[in-house]
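The data block below is work14.txt; it holds compact mmCIF, C-alpha atoms and all ligand atoms.
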```txt
# COMPACT_ATOMS: atom_id res chain seq x y z
CA GLU A 1 20.95 17.42 -16.11
CA GLU A 2 24.05 15.77 -14.75
CA LEU A 3 23.67 13.36 -11.88
CA ARG A 4 26.64 12.53 -9.69
CA ALA A 5 26.09 9.68 -7.28
CA ASP A 6 29.56 8.70 -6.11
CA GLY A 7 29.43 6.12 -3.35
CA GLN A 8 25.66 6.05 -3.40
CA TYR A 9 23.15 3.56 -4.76
CA LEU A 10 20.84 4.02 -7.71
CA LEU A 11 17.54 2.23 -7.18
CA PRO A 12 14.42 2.14 -9.34
CA GLY A 13 12.01 4.64 -7.77
CA ALA A 14 9.54 3.00 -5.42
CA ILE A 15 6.02 2.24 -6.69
CA ASP A 16 3.45 2.58 -3.93
CA SER A 17 0.27 0.65 -4.74
CA HIS A 18 -1.73 2.20 -1.90
CA VAL A 19 -2.00 5.91 -1.08
CA HIS A 20 -4.94 8.14 -0.11
CA PHE A 21 -4.41 11.69 -1.39
CA ARG A 22 -7.94 12.77 -0.31
CA ASP A 23 -8.73 15.11 -3.18
CA PRO A 24 -11.57 15.60 -4.08
CA GLY A 25 -13.41 15.75 -0.78
CA TYR A 26 -10.96 16.15 2.07
CA PRO A 27 -8.26 18.67 1.06
CA HIS A 28 -7.82 19.59 4.74
CA LYS A 29 -6.32 16.11 5.24
CA GLU A 30 -4.18 16.01 2.08
CA THR A 31 -4.08 17.25 -1.51
CA TRP A 32 -2.45 15.76 -4.58
CA LYS A 33 0.19 18.45 -4.38
CA THR A 34 1.18 17.73 -0.77
CA GLY A 35 0.74 13.96 -0.99
CA SER A 36 2.80 13.67 -4.16
CA ALA A 37 5.43 16.02 -2.69
CA ALA A 38 5.70 13.54 0.19
CA ALA A 39 6.13 10.74 -2.37
CA ALA A 40 8.86 12.68 -4.20
CA CYS A 41 10.73 13.29 -0.95
CA GLY A 42 10.37 9.62 -0.04
CA GLY A 43 11.97 8.21 -3.19
CA VAL A 44 8.57 7.16 -4.55
CA THR A 45 8.14 7.83 -8.28
CA THR A 46 4.73 6.25 -8.91
CA VAL A 47 1.68 6.00 -6.66
CA PHE A 48 -1.70 4.30 -7.04
CA GLU A 49 -4.41 6.36 -5.41
CA MET A 50 -7.51 5.04 -3.64
CA PRO A 51 -11.16 5.76 -4.49
CA ASN A 52 -12.55 6.55 -1.01
CA THR A 53 -12.58 10.25 -1.76
CA ASN A 54 -15.74 12.39 -1.89
CA PRO A 55 -17.30 11.77 -4.35
CA PRO A 56 -15.91 8.21 -4.47
CA THR A 57 -14.17 7.34 -7.75
CA GLY A 58 -17.04 5.27 -9.09
CA THR A 59 -18.51 7.64 -11.67
CA ILE A 60 -17.04 9.44 -14.67
CA GLU A 61 -17.76 12.83 -13.05
CA ALA A 62 -15.89 11.82 -9.87
CA LEU A 63 -13.00 10.48 -11.94
CA ARG A 64 -12.78 13.77 -13.83
CA LEU A 65 -12.53 15.66 -10.51
CA LYS A 66 -9.72 13.37 -9.40
CA GLN A 67 -7.87 13.68 -12.71
CA LYS A 68 -8.12 17.45 -12.37
CA ALA A 69 -6.71 17.33 -8.82
CA ALA A 70 -3.94 15.00 -9.97
CA GLU A 71 -2.70 17.58 -12.48
CA SER A 72 -0.55 19.06 -9.72
CA SER A 73 1.21 15.74 -9.02
CA TYR A 74 5.00 15.59 -8.72
CA VAL A 75 5.08 11.86 -9.41
CA ASP A 76 3.42 9.49 -11.87
CA TYR A 77 0.20 7.86 -10.79
CA GLY A 78 -2.47 5.29 -11.37
CA ILE A 79 -6.04 5.69 -10.18
CA HIS A 80 -7.94 2.81 -8.58
CA GLY A 81 -11.64 3.09 -9.45
CA LEU A 82 -14.34 1.93 -7.05
CA LEU A 83 -15.77 -1.57 -7.39
CA GLY A 84 -19.09 -1.57 -5.55
CA ASP A 85 -22.65 -2.73 -6.11
CA ASP A 86 -23.61 0.39 -8.04
CA THR A 87 -20.46 0.68 -10.16
CA ILE A 88 -20.51 -2.81 -11.73
CA ASP A 89 -22.23 -1.52 -14.85
CA ARG A 90 -19.67 1.24 -15.34
CA LEU A 91 -16.38 -0.67 -15.03
CA GLU A 92 -15.50 -0.60 -18.75
CA GLU A 93 -16.52 3.03 -19.00
CA LEU A 94 -14.29 3.94 -16.05
CA LEU A 95 -11.40 2.03 -17.62
CA ASP A 96 -11.87 3.88 -20.91
CA ALA A 97 -11.88 7.18 -19.01
CA GLY A 98 -8.56 6.48 -17.31
CA VAL A 99 -8.73 4.28 -14.20
CA THR A 100 -5.91 1.73 -14.16
CA SER A 101 -7.39 -0.80 -11.76
CA PHE A 102 -10.15 -1.19 -9.16
CA LYS A 103 -10.55 -1.29 -5.39
CA ALA A 104 -13.22 -3.11 -3.42
CA PHE A 105 -13.76 -2.05 0.20
CA VAL A 106 -14.87 -5.44 1.51
CA GLY A 107 -14.13 -4.25 5.06
CA ASN A 108 -15.57 -0.98 6.41
CA THR A 109 -13.16 1.92 6.73
CA PHE A 110 -12.79 5.67 6.20
CA GLY A 111 -15.42 7.06 3.80
CA ASN A 112 -18.11 4.61 4.95
CA LEU A 113 -18.42 2.99 1.56
CA PRO A 114 -20.77 0.01 1.71
CA ALA A 115 -19.00 -3.32 1.18
CA PRO A 116 -19.90 -4.87 -2.17
CA SER A 117 -22.25 -7.83 -1.86
CA ASP A 118 -20.69 -11.19 -2.70
CA GLY A 119 -22.88 -11.24 -5.80
CA ALA A 120 -21.51 -7.92 -7.00
CA LEU A 121 -17.95 -8.97 -6.26
CA LEU A 122 -18.45 -12.13 -8.33
CA GLU A 123 -19.98 -10.14 -11.18
CA GLY A 124 -17.21 -7.54 -11.05
CA PHE A 125 -14.54 -10.24 -11.17
CA GLU A 126 -16.33 -11.92 -14.08
CA LYS A 127 -16.20 -8.67 -16.02
CA LEU A 128 -12.60 -7.83 -15.18
CA ALA A 129 -11.06 -11.30 -15.59
CA PRO A 130 -11.03 -11.32 -19.42
CA LEU A 131 -9.64 -7.77 -19.41
CA GLY A 132 -6.73 -8.80 -17.16
CA ILE A 133 -7.48 -5.91 -14.81
CA ARG A 134 -6.46 -6.38 -11.18
CA THR A 135 -8.71 -5.44 -8.23
CA VAL A 136 -7.30 -4.31 -4.89
CA VAL A 137 -9.31 -5.67 -2.00
CA HIS A 138 -9.50 -4.36 1.54
CA ALA A 139 -10.22 -7.81 2.93
CA GLU A 140 -11.88 -7.74 6.34
CA ASN A 141 -15.32 -9.10 7.22
CA SER A 142 -17.55 -6.12 8.04
CA SER A 143 -20.26 -8.16 9.70
CA ILE A 144 -17.85 -9.71 12.21
CA MET A 145 -16.36 -6.30 12.96
CA ALA A 146 -19.66 -4.43 13.31
CA ARG A 147 -20.94 -6.93 15.84
CA ARG A 148 -17.71 -6.91 17.84
CA GLN A 149 -17.64 -3.13 17.87
CA HIS A 150 -21.22 -2.96 19.08
CA ARG A 151 -20.43 -5.28 22.00
CA LEU A 152 -17.28 -3.36 22.94
CA GLU A 153 -19.08 -0.01 22.76
CA GLU A 154 -21.84 -1.40 24.95
CA ALA A 155 -19.20 -2.47 27.43
CA GLY A 156 -17.90 1.09 27.46
CA ARG A 157 -14.46 0.25 26.10
CA ILE A 158 -12.58 3.31 24.84
CA ASP A 159 -8.97 2.13 25.09
CA PRO A 160 -6.92 1.80 21.88
CA LEU A 161 -6.72 -1.98 22.21
CA ALA A 162 -10.51 -2.17 21.94
CA HIS A 163 -10.10 -1.09 18.31
CA LEU A 164 -7.91 -4.14 17.76
CA ALA A 165 -10.41 -6.32 19.60
CA SER A 166 -13.15 -5.12 17.26
CA ARG A 167 -11.19 -6.18 14.17
CA PRO A 168 -9.89 -9.67 15.02
CA ALA A 169 -7.58 -11.53 12.64
CA VAL A 170 -10.40 -13.97 11.84
CA ALA A 171 -12.17 -11.10 10.03
CA GLU A 172 -9.17 -10.87 7.70
CA ILE A 173 -8.76 -14.64 7.28
CA GLU A 174 -12.43 -15.07 6.40
CA ALA A 175 -12.55 -12.21 3.89
CA ILE A 176 -9.32 -13.24 2.16
CA GLY A 177 -10.60 -16.79 1.82
CA ARG A 178 -13.85 -15.56 0.29
CA VAL A 179 -12.16 -13.16 -2.12
CA LEU A 180 -9.64 -15.77 -3.27
CA THR A 181 -12.43 -18.28 -3.86
CA LEU A 182 -14.20 -15.80 -6.14
CA ALA A 183 -10.92 -14.89 -7.86
CA GLU A 184 -10.05 -18.53 -8.51
CA TRP A 185 -13.54 -19.29 -9.78
CA THR A 186 -13.52 -16.38 -12.23
CA GLY A 187 -9.81 -16.22 -13.10
CA ALA A 188 -9.74 -12.59 -11.95
CA ARG A 189 -6.54 -10.93 -10.82
CA VAL A 190 -6.69 -9.65 -7.26
CA HIS A 191 -4.41 -7.75 -4.93
CA ILE A 192 -4.71 -8.02 -1.15
CA ALA A 193 -4.22 -4.60 0.46
CA HIS A 194 -2.41 -3.96 3.74
CA HIS A 195 -2.00 -7.57 4.79
CA SER A 196 -1.64 -7.63 8.55
CA ALA A 197 -2.21 -11.07 10.07
CA ALA A 198 0.16 -14.02 10.35
CA ASP A 199 -2.83 -16.36 10.63
CA SER A 200 -4.09 -15.79 7.09
CA LEU A 201 -0.77 -16.45 5.34
CA PHE A 202 -1.67 -20.12 4.91
CA VAL A 203 -4.72 -19.13 2.85
CA LEU A 204 -2.55 -17.01 0.55
CA ARG A 205 0.11 -19.73 0.25
CA ALA A 206 -2.47 -22.32 -0.74
CA ALA A 207 -4.01 -20.03 -3.36
CA LYS A 208 -0.61 -19.12 -4.82
CA LEU A 209 0.39 -22.77 -5.06
CA ARG A 210 -2.80 -23.43 -7.02
CA GLY A 211 -1.87 -20.63 -9.41
CA VAL A 212 -4.41 -17.98 -8.39
CA ASP A 213 -3.14 -14.62 -9.69
CA VAL A 214 -3.07 -12.88 -6.34
CA THR A 215 -0.52 -10.27 -5.36
CA VAL A 216 -0.16 -9.16 -1.76
CA GLU A 217 1.14 -6.03 -0.08
CA THR A 218 2.03 -5.35 3.51
CA CYS A 219 3.15 -2.04 5.04
CA PRO A 220 6.07 -0.99 7.25
CA GLN A 221 3.70 -0.53 10.20
CA TYR A 222 2.65 -4.19 10.19
CA LEU A 223 6.25 -5.35 9.96
CA LEU A 224 7.76 -3.00 12.51
CA LEU A 225 5.02 -2.01 15.00
CA ASN A 226 2.78 -4.00 17.33
CA THR A 227 0.50 -3.61 20.35
CA ASN A 228 3.45 -2.59 22.54
CA ASP A 229 3.67 0.57 20.40
CA MET A 230 -0.10 0.94 20.65
CA LEU A 231 0.17 1.14 24.43
CA ARG A 232 2.92 3.76 24.05
CA LEU A 233 1.33 5.87 21.29
CA GLY A 234 -2.37 5.31 21.83
CA GLY A 235 -5.07 6.38 19.40
CA ILE A 236 -2.82 7.78 16.69
CA LEU A 237 -1.93 4.19 15.83
CA ARG A 238 -5.55 3.30 15.10
CA LEU A 239 -5.45 1.81 11.65
CA ASN A 240 -7.53 -0.56 9.51
CA PRO A 241 -6.65 -3.42 9.66
CA PRO A 242 -5.27 -2.81 13.15
CA ILE A 243 -1.69 -2.97 14.36
CA ARG A 244 -1.58 -6.48 15.82
CA GLU A 245 0.31 -8.36 18.52
CA GLU A 246 4.06 -8.83 18.30
CA ARG A 247 3.67 -12.47 17.20
CA HIS A 248 2.58 -11.25 13.75
CA ASN A 249 5.70 -9.21 12.90
CA GLN A 250 8.24 -11.92 12.05
CA PRO A 251 5.88 -14.22 10.08
CA LEU A 252 4.97 -11.27 7.85
CA TRP A 253 8.66 -10.63 7.28
CA ASP A 254 9.22 -14.31 6.48
CA ALA A 255 6.30 -14.17 4.04
CA LEU A 256 7.98 -11.32 2.17
CA MET A 257 11.16 -13.36 2.03
CA ASP A 258 9.45 -16.46 0.64
CA GLY A 259 7.25 -14.58 -1.85
CA THR A 260 3.86 -15.11 -0.17
CA ILE A 261 3.76 -11.33 0.28
CA ASP A 262 4.97 -9.65 -2.90
CA MET A 263 5.51 -6.03 -2.04
CA ILE A 264 5.62 -3.09 0.32
CA ALA A 265 2.97 -0.38 0.05
CA THR A 266 2.28 2.31 2.61
CA ASP A 267 -1.49 2.87 2.92
CA HIS A 268 -0.60 6.57 3.23
CA ALA A 269 -3.80 7.64 5.04
CA PRO A 270 -3.57 11.19 6.38
CA HIS A 271 -6.03 12.68 8.85
CA THR A 272 -5.67 15.90 10.82
CA PRO A 273 -3.95 15.84 14.23
CA GLU A 274 -7.28 16.90 15.84
CA GLU A 275 -9.01 13.92 14.25
CA LYS A 276 -6.27 11.54 15.34
CA THR A 277 -6.19 12.69 18.95
CA ARG A 278 -9.89 13.01 19.70
CA GLU A 279 -11.44 11.08 22.56
CA SER A 280 -13.53 8.54 20.62
CA ILE A 281 -11.66 5.48 19.43
CA TRP A 282 -14.66 4.55 17.29
CA ALA A 283 -14.37 7.51 14.92
CA CYS A 284 -13.49 6.26 11.46
CA ASP A 285 -10.35 8.39 10.99
CA CYS A 286 -7.90 5.52 10.99
CA GLY A 287 -4.46 5.59 9.39
CA PHE A 288 -1.51 7.99 9.10
CA PRO A 289 0.86 9.29 6.42
CA GLY A 290 3.53 6.85 5.24
CA VAL A 291 4.63 7.48 1.66
CA GLU A 292 7.55 9.68 2.74
CA THR A 293 8.89 7.36 5.48
CA GLN A 294 8.69 3.94 3.82
CA MET A 295 12.09 4.05 2.13
CA PRO A 296 14.18 5.22 5.11
CA LEU A 297 12.41 2.71 7.38
CA MET A 298 12.98 -0.21 5.04
CA LEU A 299 16.56 0.78 4.16
CA THR A 300 17.25 0.79 7.89
CA GLU A 301 16.13 -2.85 7.99
CA VAL A 302 18.44 -3.57 5.04
CA ASN A 303 21.27 -2.01 7.02
CA ARG A 304 20.30 -4.29 9.89
CA GLN A 305 20.71 -7.17 7.42
CA ARG A 306 17.11 -8.31 7.68
CA ALA A 307 16.97 -8.22 3.87
CA THR A 308 19.28 -7.39 0.99
CA LEU A 309 19.04 -4.25 -1.09
CA MET A 310 17.93 -6.49 -3.98
CA ASP A 311 15.09 -7.85 -1.84
CA TYR A 312 14.04 -4.28 -1.19
CA VAL A 313 14.13 -3.37 -4.89
CA LYS A 314 11.95 -6.38 -5.63
CA TRP A 315 9.38 -5.45 -2.94
CA SER A 316 9.33 -1.70 -3.56
CA ALA A 317 9.62 -1.47 -7.34
CA ALA A 318 9.81 -4.65 -9.44
CA ALA A 319 6.86 -6.50 -7.90
CA PRO A 320 4.39 -3.58 -7.99
CA ALA A 321 5.48 -2.77 -11.57
CA LYS A 322 4.68 -6.35 -12.57
CA ALA A 323 1.36 -6.35 -10.72
CA TRP A 324 0.11 -3.19 -12.43
CA GLY A 325 1.43 -3.89 -15.94
CA LEU A 326 4.28 -1.37 -15.85
CA TYR A 327 7.31 -3.64 -15.67
CA GLY A 328 9.98 -2.68 -18.18
CA THR A 329 8.81 0.92 -18.36
CA LYS A 330 8.86 1.24 -14.59
CA GLY A 331 10.25 -0.89 -11.78
CA VAL A 332 13.62 -1.17 -13.52
CA LEU A 333 16.76 0.95 -13.66
CA ALA A 334 16.49 2.99 -16.83
CA VAL A 335 18.32 6.05 -18.09
CA GLY A 336 17.09 9.07 -20.00
CA ALA A 337 13.41 9.65 -20.52
CA HIS A 338 12.37 6.55 -18.56
CA ALA A 339 14.60 7.16 -15.54
CA ASP A 340 12.43 6.79 -12.46
CA ILE A 341 15.21 6.74 -9.93
CA ALA A 342 15.87 7.09 -6.23
CA VAL A 343 19.48 7.82 -5.34
CA VAL A 344 20.00 6.56 -1.83
CA ASP A 345 22.70 7.10 0.75
CA MET A 346 22.85 3.95 2.85
CA ASP A 347 24.99 5.58 5.52
CA ARG A 348 22.93 8.67 6.20
CA ARG A 349 21.49 8.66 9.71
CA ALA A 350 18.51 10.76 10.69
CA VAL A 351 15.83 11.02 13.31
CA LEU A 352 12.43 11.06 11.65
CA SER A 353 10.55 14.21 12.53
CA GLN A 354 6.83 14.54 11.81
CA GLY A 355 7.04 18.33 11.68
CA ARG A 356 9.21 18.09 8.57
CA LEU A 357 6.84 15.85 6.60
CA GLN A 358 5.48 17.24 3.33
CA SER A 359 2.08 15.82 4.18
CA ILE A 360 -0.59 18.17 5.60
CA SER A 361 -1.18 15.59 8.30
CA LYS A 362 1.91 16.10 10.43
CA ILE A 363 1.27 13.20 12.73
CA SER A 364 3.30 10.04 12.47
CA PRO A 365 3.97 7.03 14.68
CA TRP A 366 7.54 7.09 13.30
CA ASN A 367 8.26 10.46 14.87
CA GLY A 368 11.54 10.28 16.79
CA ARG A 369 12.65 6.98 15.25
CA THR A 370 16.31 6.76 14.19
CA VAL A 371 16.85 5.56 10.64
CA GLN A 372 19.94 4.81 8.60
CA GLY A 373 19.60 5.02 4.80
CA ALA A 374 17.64 7.66 2.93
CA PRO A 375 16.78 8.82 -0.58
CA ILE A 376 18.68 12.00 -1.43
CA HIS A 377 17.56 12.56 -5.03
CA THR A 378 14.38 11.43 -6.77
CA LEU A 379 13.93 11.57 -10.55
CA VAL A 380 10.67 10.96 -12.39
CA ARG A 381 11.15 10.29 -16.12
CA GLY A 382 14.56 11.90 -16.03
CA ARG A 383 13.59 15.02 -14.13
CA PHE A 384 14.53 15.84 -10.54
CA VAL A 385 11.49 16.10 -8.29
CA MET A 386 13.63 15.97 -5.14
CA ARG A 387 17.26 17.08 -5.14
CA ASP A 388 19.73 17.00 -2.24
CA GLY A 389 16.84 16.23 0.07
CA GLN A 390 14.84 19.25 -1.09
CA LEU A 391 11.55 19.18 -2.96
CA VAL A 392 11.90 20.73 -6.44
CA SER A 393 8.77 22.85 -6.27
CA GLU A 394 8.75 23.71 -10.01
CA ALA A 395 8.20 20.00 -10.70
CA SER A 396 4.61 20.12 -9.43
CA GLY A 397 2.52 18.99 -12.40
CA TRP A 398 5.30 16.88 -13.94
CA GLY A 399 3.60 13.67 -12.83
CA GLN A 400 1.35 11.94 -15.32
CA SER A 401 -1.04 9.02 -15.43
CA VAL A 402 0.55 5.63 -16.11
CA LYS A 403 -2.54 4.63 -18.07
CA GLY A 404 -0.68 5.38 -21.31
CA VAL A 405 2.14 2.93 -20.61
CA GLN A 406 0.13 0.28 -18.76
CA ARG A 407 0.08 -3.12 -20.44
CA MET A 408 -1.19 -6.44 -19.15
CA PRO A 409 0.26 -7.38 -15.76
CA THR A 410 3.17 -9.81 -15.94
CA PRO A 411 1.66 -13.32 -15.92
CA ARG A 412 2.41 -15.47 -12.92
CA ALA A 413 5.03 -18.10 -13.70
CA ARG A 414 3.32 -21.41 -14.45
CA ASN A 415 6.18 -23.24 -12.85
CA THR A 416 5.68 -22.66 -9.18
CA GLU A 417 8.62 -24.88 -8.28
CA HIS A 418 10.73 -21.99 -7.12
CA TYR A 419 7.95 -20.80 -4.86
CA ILE A 420 7.25 -24.28 -3.56
CA SER A 421 10.87 -24.88 -2.70
CA ALA A 422 11.15 -21.52 -0.99
CA VAL A 423 8.06 -22.13 1.10
CA LEU A 424 8.17 -25.82 1.80
CA LYS A 425 11.81 -26.88 1.84
CA THR A 426 13.12 -24.30 4.23
CA PRO A 427 14.89 -25.72 7.24
CA GLU A 428 12.94 -24.87 10.34
CA GLY A 429 13.60 -21.42 11.71
CA VAL A 430 15.75 -20.26 8.83
CA PRO A 431 13.99 -17.62 6.71
CA PRO A 432 14.39 -18.50 3.04
CA THR A 433 15.96 -15.95 0.75
CA ALA A 434 14.13 -16.03 -2.54
CA VAL A 435 15.58 -13.87 -5.27
CA PRO A 436 13.66 -14.00 -8.55
CA ALA A 437 15.61 -15.23 -11.55
CA ASP A 438 14.99 -12.07 -13.52
CA LEU A 439 16.55 -9.66 -11.04
C1 LIG A 501 -7.71 4.36 5.18
C2 LIG A 501 -8.19 5.79 5.01
O1 LIG A 501 -8.14 6.56 5.98
O2 LIG A 501 -8.58 6.16 3.91
N1 LIG A 501 -7.59 4.10 6.59
C3 LIG A 501 -6.93 3.08 7.17
O3 LIG A 501 -7.02 2.92 8.40
N2 LIG A 501 -6.18 2.24 6.49
C4 LIG A 501 -8.66 3.46 4.50
C5 LIG A 501 -8.19 2.05 4.33
O4 LIG A 501 -7.16 1.79 3.70
O5 LIG A 501 -8.87 1.12 4.76
ZN ZN A 502 -8.15 -0.46 3.41
ZN ZN A 503 -5.88 2.49 2.57
```
If you took the structure in this file and wrote it as structure tokens, what would it be?
Amino acid sequence: EELRADGQYLLPGAIDSHVHFRDPGYPHKETWKTGSAAAACGGVTTVFEMPNTNPPTGTIEALRLKQKAAESSYVDYGIHGLLGDDTIDRLEELLDAGVTSFKAFVGNTFGNLPAPSDGALLEGFEKLAPLGIRTVVHAENSSIMARRQHRLEEAGRIDPLAHLASRPAVAEIEAIGRVLTLAEWTGARVHIAHHSAADSLFVLRAAKLRGVDVTVETCPQYLLLNTNDMLRLGGILRLNPPIREERHNQPLWDALMDGTIDMIATDHAPHTPEEKTRESIWACDCGFPGVETQMPLMLTEVNRQRATLMDYVKWSAAAPAKAWGLYGTKGVLAVGAHADIAVVDMDRRAVLSQGRLQSISKISPWNGRTVQGAPIHTLVRGRFVMRDGQLVSEASGWGQSVKGVQRMPTPRARNTEHYISAVLKTPEGVPPTAVPADL
């Protein structure tokens, strides 16, 4: 098919390392068909889906159910299997059956999966290190949070900020430190999910300087929202880790610029509007859909000159492709059968409207926000899945697992000089602009 893109930009399709498509288990929140339609309409050509479904993706039977559900996907996908105490003995088997990577829920969140013990985490990393397989970690300390929550509940707190108070930044700092210690000890590759706190960046910087193979994602909500929005929007902004105070926003942005944070993911976490607006702030239905709004939100920041378009390509496509062993096949601009492409119009202005989202969960903190810059066509392996802003409904089922093209993740450069100079030699107050040599 012919593609005309006069005056527009061709970008590699975004690769989202963190989505929850809820099937099997919670198809009233989202299905693979609706979630991947949202991805297609958001310029996202590959997603990595999380294992806190029901049943959790920690057995072959559960994986088969997920693979079946994923057959309706519009976009390509990887599947994160569950790393928990009772899955340690099945990791190789799960890999053989099609998972691309693992996820450890070290902090409690939706699905109530028990956090792996430190012993199990160590053992899991020992098994995965020689295989080169990366593990995503939701790094928050459950014990700190459970105790805080208990105290706040006892005190009768039901305001949205109590949710933040129950998940203090120290819970993230502590868990990241622990996970990185185990990763360094074993040589395992790890990926820190939804990084939210400015205070823990020093732990990541130190580990990266020592050569630990850790990749880090943050999400638009941690960069662009803070407790001021929480006071405005209330409970629908409940999210794990929480939306934090304004002082966190700019340091996270700076960390993307200097390479401490590698990429943007969305943590697309749909729940029904009823679940999001119910009285109790302690219900575990945290999160909101994001895979469809990431690109317009971030392109708007590019238009505001907070980053270059090349920075965005690095964060949205190149870095996740490298982290998950897809670089070269994905995360680059290719033509023909490998063309995973988002055609974007950097001038297009729109007001984001939650009612128009593809997601079943039509509730979004971005509702009413003005954006400038949007994907207008999305192609997955050369085929339109979104054209002129419209979902191509016949393309449901075109998406396939990336397992077949996954190789070893791109090794971290041994020479960290570039990183060191970006982080350490920056004049005070001036955010460094680090552009990797290979872009
Ligand atoms: C996620 C969900 O609902 O599955 N919720 C969230 O608040 N982020 C789970 C998670 O990523 O921790
Ligand atoms: Zn999480
Ligand atoms: Zn998540």
Legend entry - Contacts of ligand ZN 502 (chain A), 12 Å or closer, all atoms listed in the file, given as a PyMOL selection string: chain A and resi 17-20+49-52+103-113+115+136-142+172+191-196+217-219+239-242+265-269+284-287
Inset, instruction - Considering all atoms listed in the file, state which residue in the set A:Arg210, A:Arg381, A:Arg178, A:Arg22 is at the smallest distance from ligand ZN 503 (chain A). - result: A:Arg22
Inset, instruction - Compare A:Ser117, A:Asn249, A:Thr186, A:Gln221 by their minimum atom-to-atom distance to ligand LIG 501 (chain A), counting all atoms listed in the file, and give me the closest one. - result: A:Gln221
Could you write out as lines of an AutoDock Vina configuration file the box around range 380-398 of chain A (axis-aligned, all atoms listed in the file, 8 Å on each side), with centre and edge lengths in Å to one decimal?
```
center_x = 11.1
center_y = 17.0
center_z = -8.0
size_x = 33.2
size_y = 29.4
size_z = 32.2
```
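By all atoms listed in the file, and with residues fewer than 6 positions from Gly132 in chain A along its chain excluded, the set lying at most 12 Å from it is A:Leu95, A:Thr100, A:Ser101, A:Phe102, A:Phe125, A:Glu126, A:Ala183, A:Thr186, A:Gly187, A:Ala188, A:Arg189, A:Val190, A:Asp213, A:Ala323, A:Trp324, A:Gly325, A:Gln406, A:Arg407, A:Met408, A:Pro409, A:Thr410, A:Pro411.
Ranking A:Leu182, A:Leu204, A:Gln8, A:Asp16 by their shortest atom-to-atom distance to His377 in chain A, with all atoms listed in the file included, puts A:Gln8 first.
Considering all atoms listed in the file, the residue among A:Tyr327, A:Trp398, A:Phe384, A:Phe21 positioned nearest to ligand ZN 503 (chain A) is A:Phe21.
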Legend entry - Polymer residues at most 8 Å from Met145 in chain A, all atoms listed in the file, same-chain spacing of 5 or more positions, as number ranges by chain: A: 166-168, 171
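Using all atoms listed in the file for every distance, the candidate list A:Phe288, A:Gly25, A:Asn367, A:Ala395 yields A:Phe288 as the residue closest to ligand ZN 503 (chain A).
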Legend entry - Lys362 in chain A surroundings by only C-alpha atoms, 10 Å radius, close-in-sequence under 2 positions cut, as a PyMOL selection string: chain A and resi 29+270-273+288-289+353-360+364+367
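Restricting the calculation to only C-alpha atoms and all ligand atoms, the smallest distance between ligand LIG 501 (chain A) and any of A:Ala62, A:Ile236, A:Leu11, A:Leu128 is found for A:Ile236.
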Inset, instruction - For a cut-off of 6 Å around (-1.1, 6.9, -8.4), file coordinates, pick out all residues using only C-alpha atoms and list them as a VMD selection string. - result: chain A and resid 46 to 49 77 to 79
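CA of Gly234 in chain A sits 20.8 Å away from CA of Glu154 in chain A.
Interatomic distance, CA of Ile376 in chain A to CA of Gly43 in chain A: 7.9 Å.
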